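Here's the structure, in structure tokens; my notes come after.
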Amino acid sequence: TPIKSSAASDVYKRQLLFKGIDIIQKICMRDCTKRAVCYNLQYTNGRRGVFMSYIENLEKQLFEMQDLKYRDFHSKLLPGIDRETIIGIRTPMLRKFTKEFAETLEAELFLKDLPHRYYEENNMHMMIISWIKDYEVCLKEVKKLLPYVNNWATCDLPAPKCFAKHKEELLPEIRNWISSGETYTIRYGIGMLMNFYLDEDFRPEYLKLAADIRSEEYYVNMMIAWYFATALASNGMLQFLILSSTDCRTGYIKRLSRRQWKAIGLRLNRRNI
């Protein structure tokens with residue numbers, strides 16, 4: 001090996017030094033990463049243990065309210081739903097329990113735990129959402145839950161109260177739900193249309209939203225029929241029928257057909273106008 005000059009030797013030593021520092025840094029980073037990974041795993045496993053114990057505790061409380069006869073009866077009303085996923089809790093009892101549960105810290109974790117195992121847990125989730133007062137938060141939670149709704153009973157639970165104060169903002173969301181192609185998302189959208197856009201908020205174009213839906217799904221078509229039956233009985237539909245039967249030039253009200261009067265539940269007497 002040729003003898004290196006003093007300058008070359010200094011450069012060579014400096015290179016070895018930098019290389020050594022780099023190696024030491026990588027080793028330290030690797031060890032720190034290992035420690036961080038170990039810590040994170042321990043933390044995650046610990047949190048998972050807490051979460052699992054909370055879920056087990058919740059389900060234990062739910063099963064304490066179980067009514068097997070009611071479960072057998074109610075399961076017949078939910079075709080396509082595995083009976084083993086239905087605990088069998090009467091709605092008033094479940095609602096009372098859910099109101100108390102919604103005040104606890106576990107309720108926030110519960111809303112993040114999707115999908116749920118049991119039918120009653122889905123109902124609890126929908127109930128808690130309906131009590132949220134902040135519109136944006138409520139809408140976000142509804143969107144998260146809808147893909148997991150798999151039955152008409154959960155879908156038809158009372159609508160969020162905060163929606164009533166944000167009808168203009170809600171309408172585009174309803175249009176999206178109705179055009180989603182998902183059975184219970186469509187049904188939910190029609191339900192919102194029925195709950196919030198009849199009577200004084202009725203517009204004839206809303207009828208077209210429901211009428212234009214094309215689906216082979218039983219629970220979609222039944223919801224469409226329910227919507228039209230309710231619309232026909234509303235004051236908004238009555239006003240629409242009267243206005244659509246009025247000559248705009250003379251103001252003369254044409255005679256409504258016997259079917260129209262029967263649909264809106266009034267006698268065949270024009271003085272009812």
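Residues are named by chain letter and number: chains run A, B, ... in the order of the structure tokens, numbers start at 1 in each chain, and ligands are numbered from 1 in the order shown.
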For Gly189 (chain A), list every protein, DNA or RNA residue within 6 Å, evaluated using only C-alpha atoms, and leave out those in the same chain fewer than 6 positions away; present the list as a PDB file with all heavy atoms, in the first residue's frame.
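Written output follows (out_30.pdb):
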ATOM      1  N   ILE A 174     -80.050  15.401  -0.496  1.00  0.00           N
ATOM      2  CA  ILE A 174     -81.168  14.492  -0.768  1.00  0.00           C
ATOM      3  C   ILE A 174     -81.123  14.028  -2.224  1.00  0.00           C
ATOM      4  O   ILE A 174     -81.336  12.852  -2.521  1.00  0.00           O
ATOM      5  CB  ILE A 174     -82.511  15.180  -0.453  1.00  0.00           C
ATOM      6  CG1 ILE A 174     -82.661  15.368   1.058  1.00  0.00           C
ATOM      7  CG2 ILE A 174     -83.680  14.370  -1.000  1.00  0.00           C
ATOM      8  CD1 ILE A 174     -83.908  16.117   1.474  1.00  0.00           C
ATOM      9  N   TRP A 177     -78.475  11.396  -2.477  1.00  0.00           N
ATOM     10  CA  TRP A 177     -78.895  10.122  -1.877  1.00  0.00           C
ATOM     11  C   TRP A 177     -79.867   9.386  -2.799  1.00  0.00           C
ATOM     12  O   TRP A 177     -79.754   8.176  -2.995  1.00  0.00           O
ATOM     13  CB  TRP A 177     -79.541  10.383  -0.516  1.00  0.00           C
ATOM     14  CG  TRP A 177     -78.576  10.844   0.525  1.00  0.00           C
ATOM     15  CD1 TRP A 177     -77.236  10.567   0.581  1.00  0.00           C
ATOM     16  CD2 TRP A 177     -78.850  11.687   1.650  1.00  0.00           C
ATOM     17  NE1 TRP A 177     -76.659  11.175   1.667  1.00  0.00           N
ATOM     18  CE2 TRP A 177     -77.619  11.865   2.351  1.00  0.00           C
ATOM     19  CE3 TRP A 177     -79.986  12.307   2.147  1.00  0.00           C
ATOM     20  CZ2 TRP A 177     -77.530  12.637   3.512  1.00  0.00           C
ATOM     21  CZ3 TRP A 177     -79.897  13.070   3.301  1.00  0.00           C
ATOM     22  CH2 TRP A 177     -78.677  13.225   3.972  1.00  0.00           C
ATOM     23  N   ILE A 178     -80.807  10.128  -3.373  1.00  0.00           N
ATOM     24  CA  ILE A 178     -81.812   9.507  -4.235  1.00  0.00           C
ATOM     25  C   ILE A 178     -81.179   8.917  -5.489  1.00  0.00           C
ATOM     26  O   ILE A 178     -81.646   7.899  -6.012  1.00  0.00           O
ATOM     27  CB  ILE A 178     -82.901  10.544  -4.594  1.00  0.00           C
ATOM     28  CG1 ILE A 178     -83.786  10.814  -3.361  1.00  0.00           C
ATOM     29  CG2 ILE A 178     -83.750  10.072  -5.763  1.00  0.00           C
ATOM     30  CD1 ILE A 178     -84.845  11.867  -3.573  1.00  0.00           C
TER      31      ILE A 178
END
Members of region 72-245 of chain A assigned alpha helix (DSSP H) by DSSP, as a PyMOL selection string = chain A and resi 72-75+91-101+106-112+119-130+135-145+152-155+167-178+183-196+204-211+218-232+235-244
Using only C-alpha atoms, which residues sit within 10 Å of Glu182 (chain A) once same-chain residues fewer than 3 positions away are excluded, as a JSON list (two decimals) with N, CA and C atoms, in the first residue's frame?
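File produced: out12.json:
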[["chain", "number", "residue", "atom", "x", "y", "z"],
["A", 146, "LEU", "N", -74.80, 5.73, 6.52],
["A", 146, "LEU", "CA", -75.71, 5.23, 5.48],
["A", 146, "LEU", "C", -75.20, 4.00, 4.72],
["A", 147, "PRO", "N", -73.92, 3.91, 4.37],
["A", 147, "PRO", "CA", -73.47, 2.71, 3.65],
["A", 147, "PRO", "C", -73.63, 1.41, 4.45],
["A", 149, "VAL", "N", -76.30, 0.88, 6.60],
["A", 149, "VAL", "CA", -77.71, 0.63, 6.90],
["A", 149, "VAL", "C", -78.21, -0.47, 5.97],
["A", 150, "ASN", "N", -78.77, -1.53, 6.55],
["A", 150, "ASN", "CA", -79.15, -2.69, 5.74],
["A", 150, "ASN", "C", -80.58, -3.14, 5.97],
["A", 177, "TRP", "N", -78.48, 11.40, -2.48],
["A", 177, "TRP", "CA", -78.90, 10.12, -1.88],
["A", 177, "TRP", "C", -79.87, 9.39, -2.80],
["A", 178, "ILE", "N", -80.81, 10.13, -3.37],
["A", 178, "ILE", "CA", -81.81, 9.51, -4.23],
["A", 178, "ILE", "C", -81.18, 8.92, -5.49],
["A", 179, "SER", "N", -80.10, 9.52, -5.96],
["A", 179, "SER", "CA", -79.45, 9.04, -7.18],
["A", 179, "SER", "C", -78.27, 8.11, -6.89],
["A", 185, "THR", "N", -79.98, 3.98, 1.04],
["A", 185, "THR", "CA", -79.61, 5.38, 0.91],
["A", 185, "THR", "C", -80.69, 6.12, 0.12],
["A", 186, "ILE", "N", -81.21, 5.47, -0.93],
["A", 186, "ILE", "CA", -82.32, 6.04, -1.69],
["A", 186, "ILE", "C", -83.54, 6.20, -0.79],
["A", 187, "ARG", "N", -83.83, 5.15, -0.04],
["A", 187, "ARG", "CA", -85.00, 5.19, 0.86],
["A", 187, "ARG", "C", -84.85, 6.32, 1.88],
["A", 188, "TYR", "N", -83.65, 6.49, 2.41],
["A", 188, "TYR", "CA", -83.42, 7.55, 3.39],
["A", 188, "TYR", "C", -83.64, 8.93, 2.75],
["A", 215, "SER", "N", -86.25, 1.59, -9.87],
["A", 215, "SER", "CA", -85.62, 0.57, -9.04],
["A", 215, "SER", "C", -86.49, -0.67, -8.98],
["A", 217, "GLU", "N", -86.04, -2.65, -6.38],
["A", 217, "GLU", "CA", -85.99, -2.97, -4.96],
["A", 217, "GLU", "C", -87.33, -2.69, -4.29],
["A", 220, "VAL", "N", -87.43, 0.30, -1.86],
["A", 220, "VAL", "CA", -87.39, 1.61, -2.53],
["A", 220, "VAL", "C", -88.78, 1.96, -3.05]]
ask   = Which one of A:Tyr148, A:Glu121, A:Tyr219, A:Pro115 sits closest to Leu78 (chain A) if you count only C-alpha atoms?
value =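 Closest candidate: A:Tyr219.
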task = Measure the distance from CA of Met127 (chain A) to CA of Ile89 (chain A) in Å and round it to one decimal.
result =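 Interatomic distance, CA of Met127 (chain A) to CA of Ile89 (chain A): 14.3 Å.
Ranking A:Leu170, A:Val142, A:Ile132, A:Ala231 by their shortest atom-to-atom distance to Glu103 (chain A), with only C-alpha atoms included, puts A:Ile132 first.
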